[in-house]
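Before any comments, here is the structure.
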Amino acid sequence: MSVVETNGKQTVLDGMVAIEMLDKYELIVIGGGPAGLSAALSAREHGLKRILIVERDVDLGGIRNQCIHNGFGLHYFGEELTGPEYAAKFVDRLEGQSIDVLCDAMVLEIIPGEDGHVLRLMSMEAGYCTVRSRAIVLAMGCRERTRGAIQIPGTRAAGIFTAGTAQRYVNIEGYMVGRRVIILGSGDIGLIMARRMVLEGAKVLACVEIMPYPGGLARNIVQCLQDFDVPLYLSHTITKIEGKERVEKVTVQEVNDRFEPIEGTEKVFDVDTVLLSVGLIPENELSHVAGVEMDAKTSGPIVFENGETSIPGIFACGNVLHVHDLVDFVTTESEGAGRAAAEYVLRQEDTTHVRMCENESYISLVIDESVAYTVPQRIRVLRIDDGVRVFFRVKAPHKTPKRIVFRDGERIVASFRRPYMTPGEMEHVTLQRAELDNVSGNELLISVEEIR
Amino acid sequence: MFDVAIIGAGVVGCAVAYELSQYELRVALIEKENDVAMGASRANTAIIHGGYDPEPHTMMGKLNVEGMHRCFELCEELDVEHKKTGSWVVAFDEEQRVTLQMLLVQGIANGCEGLDILEGDVVRLQEPNLSDEIVAALWVPESGVLNPWEFALAMAEVAVRNGVIFMPNTDVRDLSWREDHYEMGARVVCSGDETTIRARHVINAAGVESDRIHNMVAPPAFEIVPTRGEYYILDGTAAGHVVRSVVFPCPTRAGKGVTISPTIHGDYLVGPNAEVIDDRTDTSVTRSALLDIADKARRVVPDLDLRTSIRNFAGVRSNSTYGDFFIEKSATNFIDLAAIKSPGLTCAPAIARVARKMLCEEGIPMERRVLWRGGRRVIRFKEIPEEERAAFVRAHPLYGRVICRCETITEGEIVAAMKREIPPVSIDGVKRRAGTGMGRCQGGFCGPRVLEIIARESGRDPLCIEEDGCGSFMLIGETKDPTCREI
Amino acid sequence: MKEYICIICPRGCHLTVDEENDYAVTGNGCLRGVAYGREEAMHPTRVVTSSVRVRSEKYPRCPVKTDLAIAKSDVAKAMLLLDGVELVPPVHRGDIVIASLFCGEANFVATRDIDE
């Protein structure tokens, strides 16, 4: 490829075809929700000057814009905010920062390169653009698991929504999605929508959860179900949806420990709406196509201690990396990624540093059956100043105190006590640099163990 | 007064309309649902069958290969997404190998070319994910997959462009001969009003209802045996590479069996089963059928991961007691194109030609339409070459706004679909034309946006826009409106 | 005897509150649980979040919240008060949408800006 400069824009001749390549950014952040906003602001704070945020919706704020309930910001701001208020705090901070923002735009492809990463993106306003940036932060968030993914038998009548889509209709567009509702899944989104629908005048007949324990926060069980006398059926699932054009009724059955429906336990509910809150999946199509190494356990990229993916200069944070429970942690995680992106860009001129980074050694965090996943998955010890925060989830609920143990072979490197843990609440611990320096091998085993 | 009324706008009815639109005839295409291809035509395995399966003395056998060739031609002419993937019929033991040999002979008799039986190891070089237990397979190069509802729509759109009147939401309740024409009493679905349609000739392409229509004018000659088939759609990205061609098990009396097939969208279809049901309109999926399909499919591709499924659906076949296509002139000026089961989709263009000949024989004057405008071109953003995109979006900014993120479908494509000869009236109508909502998130992201665009382009109230068929309203009112509350 | 799940921390202790015994609380894992249990039993309050109509094509609804928690028993009535509201842009975060709910100190306030 040869490069010709015209009017400040580089025209790259790729074979015989001229592609107009915009080369003006040090960092492009894909996604303008809490993750993207914090990453961009942090990168700015740490010295980058040419930053672009690309957002697919018409406004910044991401999914927070439709989460009109409160409960956000307790950890980060010390106050309880609604979703729009939480997002606004970061959008406000963009003021005067000269961070470019392109809304109502979609990134179509990421083509990683040694000389900077190329993005193809487009919007009505900007047209179809090819842009190169030194660093990229992936902050695309997640999508909802659908009915097809869990194969609920029955008809495909109208009135079946994922909870998030229903939330958008109700909160942003102002439409009621139904009168008599049943909710599948007791994760927070389902619980929040149970309350929302009741408050708007619908009857919510039940919340049905396949696991023997609820998926969402206890606070939401109380304030969304108990407050409104919505019964919660644990170890149950929807086994049939009926209705010709619109949902008319739904059959719910108890399940055994292999999650198979138990005959004879059928309960029929007269409803016209089913809201599905059956899981969130990080939205990594772009990452996948770019060749970023993925972790099947998180459905997100494998990252190092600073949020960098397997491709140098591409970082990930927020729900695209792993599904969070509290947006406060999305913010701190994303600040870290933004800072790491800034450091990466500013150090690229330092060839000694660049050479050192190639073949840099790392410790892999290895889990056993008691742990679902960790983020990060890899730690480059030499990069750590004081310590590294490791997020993880347990696989089963632990109602009594346990310890989380990090082992280097047989030797315990670090151990943390927790009074209780549950899969629905992401945990975190901090490993100290000194502890990591002592690790002899290149693996750290993490497991949940009894307290001696 | 119409010259010809076609009852049923499934793929057969649309193919006939396409055919007849080429003549100076007043044609009505009558359909009881609110759109084209709402029955089995949109809920099938989407295969262009090679032609080895039906027996040579049957109508199916006589029309399959001709239909197959015509399907590929028409898909090119009408810009319908399709792929000549070829197909395999696999055998697990020597008894089944004999069946393959029988199919090969039968295929040759039906006019198939390039058929070959290959050993299991050779087959696995082409399809590495196939079971080690497969001993041999029949290779059918002249076969493939297409977008079945787009096929029906494309033919219907050309027909309407050339003067055919499409009458949706029109449920024919009675039919009687009046000296020189037919009087059809129909109920307008959703409003309940009655209407009468008159035509000199009637063509019955009513699918699962074709026996009911036949019985209005002639003594019963066949009975539809509604046979439901259920499917999984697996996400192409999540599933990885599964198969390159269509893979069939050996056929049995019940039918062609559980197939694993690539779709034109890059996903995989797994299914169908075959279950006789009472309610002809029951397209629900059942746990037992889905488990059964999973078992059978995993026999062929042992590592098939059905957790990558993004959707299940079912279609009801027009199987019948007759066992073949019922293509007959059953009464004065009345042609049955009834009991069209598999390979009905493949044979549709050939069936349409037969219908045209039969009409001709009925004495109807068939003058070629001089200014017939055929062909069809659809702009799909994804298909625009990389180097042309910037200029195209500059010239047509609506194509710069991505609405369906999973499939990269732009607002320009949706607006263009709203302006075609048969505009969509529902969210799924847009889905079938522009491809929105067919991906990983199944319309979760694009749904509200598509609704907004339909409302804007058609001037309709969003509350009156259906998800699919007549009456399938998504939204029941506005928030803050006390009249739409339950409590 | 009333039963509550404490929501102060994620532990979710199961509390029992005895109204006939000066609202004595048992089952709590810490002192904060005692305060929560008594509040829930004696005068439970909630912050209410909802939305109101806006005269805007682009933003037909504006999210609102009560700036203080109100009595749980007043929540349904508070929701009905929102039916009659229609905001006209521009709207600012914190703008009072309905003042002094039920003659108390809590107001419904807007939680986002709407410019057009």
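Quick note on naming: the chains in the structure tokens go A, B, ... in the order shown, residues restart at 1 in each chain, and ligands are numbered from 1 in order of appearance.
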
**OP:** For region 34-39 of chain C, list every protein, DNA or RNA residue within 9 Å, evaluated using only C-alpha atoms, and leave out those in the same chain fewer than 4 positions away; present the list as a ChimeraX atom specification.
**Re:** /C:3-8,15-17,19,23-30,43-45

**OP:** Could you please select, counting only C-alpha atoms, the residues of chain B within 10 Å of chain C and state them as a PyMOL selection string?
**Re:** chain B and resi 478-482

Original post:
Got a sec: who's within 10 Å of Gly400 (chain B), counting only C-alpha atoms, leaving out chain neighbours fewer than 6 positions off, as a list in words?
Top reply: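 Using only C-alpha atoms, the neighbours found are Asp104, Ala105, Met106, Leu121, Met122, Ser123, Met124, Glu125, Ala126, Gly127 and Tyr128 of chain A; Phe381, Arg389, Ala390, Phe392, Val393, Arg394, Ile409, Thr410, Glu411 and Gly412 of chain B.
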
Original post:
To one decimal place, how far is CA of Leu74 (chain A) from CA of Arg339 (chain A) in Å?
Top reply: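 Straight-line distance from CA of Leu74 (chain A) to CA of Arg339 (chain A) works out to 23.1 Å.
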
Subject >> Picked from region 10-115 of chain C by DSSP as strand (DSSP E or B), as a PyMOL selection string >> reply: chain C and resi 14-18+24-26+45-46+49-54+61-66+70-71+86-87+91+96-98+108-110+114

Would you save the residues from that selection as a PDB file, in the first residue's frame, using C-alpha atoms?
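Wrote result_23.pdb, looks like this:
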ATOM      1  CA  HIS C  14     -33.766 -12.930  57.257  1.00  0.00           C
ATOM      2  CA  LEU C  15     -35.179 -10.654  59.932  1.00  0.00           C
ATOM      3  CA  THR C  16     -38.104 -11.239  62.213  1.00  0.00           C
ATOM      4  CA  VAL C  17     -39.772  -8.210  63.777  1.00  0.00           C
ATOM      5  CA  ASP C  18     -42.135  -8.506  66.758  1.00  0.00           C
ATOM      6  CA  ALA C  24     -37.748  -6.149  68.543  1.00  0.00           C
ATOM      7  CA  VAL C  25     -35.645  -7.487  65.697  1.00  0.00           C
ATOM      8  CA  THR C  26     -34.038 -10.923  65.524  1.00  0.00           C
ATOM      9  CA  THR C  45     -40.742   4.047  52.695  1.00  0.00           C
ATOM     10  CA  ARG C  46     -39.728   3.815  49.069  1.00  0.00           C
ATOM     11  CA  THR C  49     -39.172   6.066  39.826  1.00  0.00           C
ATOM     12  CA  SER C  50     -41.360   6.379  36.772  1.00  0.00           C
ATOM     13  CA  SER C  51     -41.796   8.517  33.688  1.00  0.00           C
ATOM     14  CA  VAL C  52     -44.055  11.307  32.486  1.00  0.00           C
ATOM     15  CA  ARG C  53     -45.279  12.479  29.118  1.00  0.00           C
ATOM     16  CA  VAL C  54     -43.261  15.068  27.267  1.00  0.00           C
ATOM     17  CA  ARG C  61     -41.132  10.315  27.970  1.00  0.00           C
ATOM     18  CA  CYS C  62     -39.006  11.862  30.701  1.00  0.00           C
ATOM     19  CA  PRO C  63     -37.872   9.721  33.628  1.00  0.00           C
ATOM     20  CA  VAL C  64     -38.701  11.076  37.082  1.00  0.00           C
ATOM     21  CA  LYS C  65     -38.067  10.088  40.679  1.00  0.00           C
ATOM     22  CA  THR C  66     -39.126  11.171  44.129  1.00  0.00           C
ATOM     23  CA  ILE C  70     -42.263   8.383  50.500  1.00  0.00           C
ATOM     24  CA  ALA C  71     -44.530   6.108  52.505  1.00  0.00           C
ATOM     25  CA  GLU C  86     -47.018  16.705  30.397  1.00  0.00           C
ATOM     26  CA  LEU C  87     -43.657  18.422  30.373  1.00  0.00           C
ATOM     27  CA  VAL C  91     -36.438  20.045  30.824  1.00  0.00           C
ATOM     28  CA  ILE C  96     -39.603  19.733  40.051  1.00  0.00           C
ATOM     29  CA  VAL C  97     -42.385  17.951  38.196  1.00  0.00           C
ATOM     30  CA  ILE C  98     -44.861  17.622  41.078  1.00  0.00           C
ATOM     31  CA  PHE C 108     -41.178  14.256  41.860  1.00  0.00           C
ATOM     32  CA  VAL C 109     -38.169  15.556  39.934  1.00  0.00           C
ATOM     33  CA  ALA C 110     -36.929  14.983  36.390  1.00  0.00           C
ATOM     34  CA  ILE C 114     -34.488  17.094  27.409  1.00  0.00           C
TER      35      ILE C 114
END

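Minimum distance to chain B across A:Ser334, A:Thr400, A:Gln223, A:Thr146 (counting only C-alpha atoms) occurs at A:Thr146.
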
**OP:** For chain A, report every residue with an atom at most 10 Å from chain C (counting only C-alpha atoms), formatted as number ranges by chain.
**Re:** A: 58, 65-70, 81-88, 170-175, 196, 198-201, 217-223, 226-227, 399, 419-422, 425

Using the selection just defined, write its residues with C-alpha atoms as a tab-separated table (two decimals), in the first residue's frame.
chain	number	residue	atom	x	y	z
A	58	VAL	CA	-28.84	8.73	19.23
A	65	ASN	CA	-30.77	5.74	29.57
A	66	GLN	CA	-33.57	3.23	29.87
A	67	CYS	CA	-32.74	2.12	33.45
A	68	ILE	CA	-34.84	4.82	35.03
A	69	HIS	CA	-34.85	3.10	38.43
A	70	ASN	CA	-32.35	4.01	41.14
A	81	LEU	CA	-28.78	7.65	41.42
A	82	THR	CA	-31.10	6.61	38.65
A	83	GLY	CA	-29.55	5.27	35.44
A	84	PRO	CA	-29.94	8.49	33.43
A	85	GLU	CA	-28.47	10.52	36.29
A	86	TYR	CA	-25.48	8.18	36.57
A	87	ALA	CA	-24.80	8.40	32.85
A	88	ALA	CA	-25.27	12.16	32.85
A	170	VAL	CA	-41.98	1.37	28.25
A	171	ASN	CA	-39.36	3.85	29.41
A	172	ILE	CA	-38.09	5.49	26.24
A	173	GLU	CA	-40.95	5.22	23.75
A	174	GLY	CA	-43.75	5.30	26.31
A	175	TYR	CA	-45.64	2.18	25.17
A	196	ARG	CA	-42.16	-1.28	36.33
A	198	VAL	CA	-47.03	-3.16	38.05
A	199	LEU	CA	-46.48	0.55	38.56
A	200	GLU	CA	-47.76	1.24	35.05
A	201	GLY	CA	-50.94	-0.69	35.74
A	217	LEU	CA	-30.09	-8.73	44.31
A	218	ALA	CA	-32.09	-9.32	47.49
A	219	ARG	CA	-33.03	-5.64	47.44
A	220	ASN	CA	-34.81	-6.19	44.14
A	221	ILE	CA	-36.57	-9.35	45.34
A	222	VAL	CA	-37.99	-7.25	48.18
A	223	GLN	CA	-38.77	-4.02	46.32
A	226	GLN	CA	-42.52	-8.77	47.60
A	227	ASP	CA	-43.72	-5.17	47.65
A	399	LYS	CA	-24.10	-19.19	52.55
A	419	PRO	CA	-18.81	-14.17	54.75
A	420	TYR	CA	-20.95	-15.38	51.91
A	421	MET	CA	-20.86	-15.51	48.09
A	422	THR	CA	-23.35	-16.20	45.32
A	425	GLU	CA	-22.98	-11.17	42.74

Original post:
For chain A, which of B:Arg253, B:Thr237, B:Lys431, B:Val415 is the closest residue, counting only C-alpha atoms?
Top reply: B:Thr237

Original post:
From the list B:Arg287, B:Lys382, B:Arg356, B:Arg432, which residue is nearest Pro261 (chain A) when using only C-alpha atoms?
Top reply: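 Result for the nearest residue to Pro261 (chain A): B:Arg287.
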
Subject >> Neighbour list for Ala39 (chain A) as JSON, numbers by chain, cut-off 7 Å, only C-alpha atoms, skip fewer than 2 positions in-chain >> reply: {"A": [35, 36, 37, 41, 42, 43, 334, 335, 337, 338]}
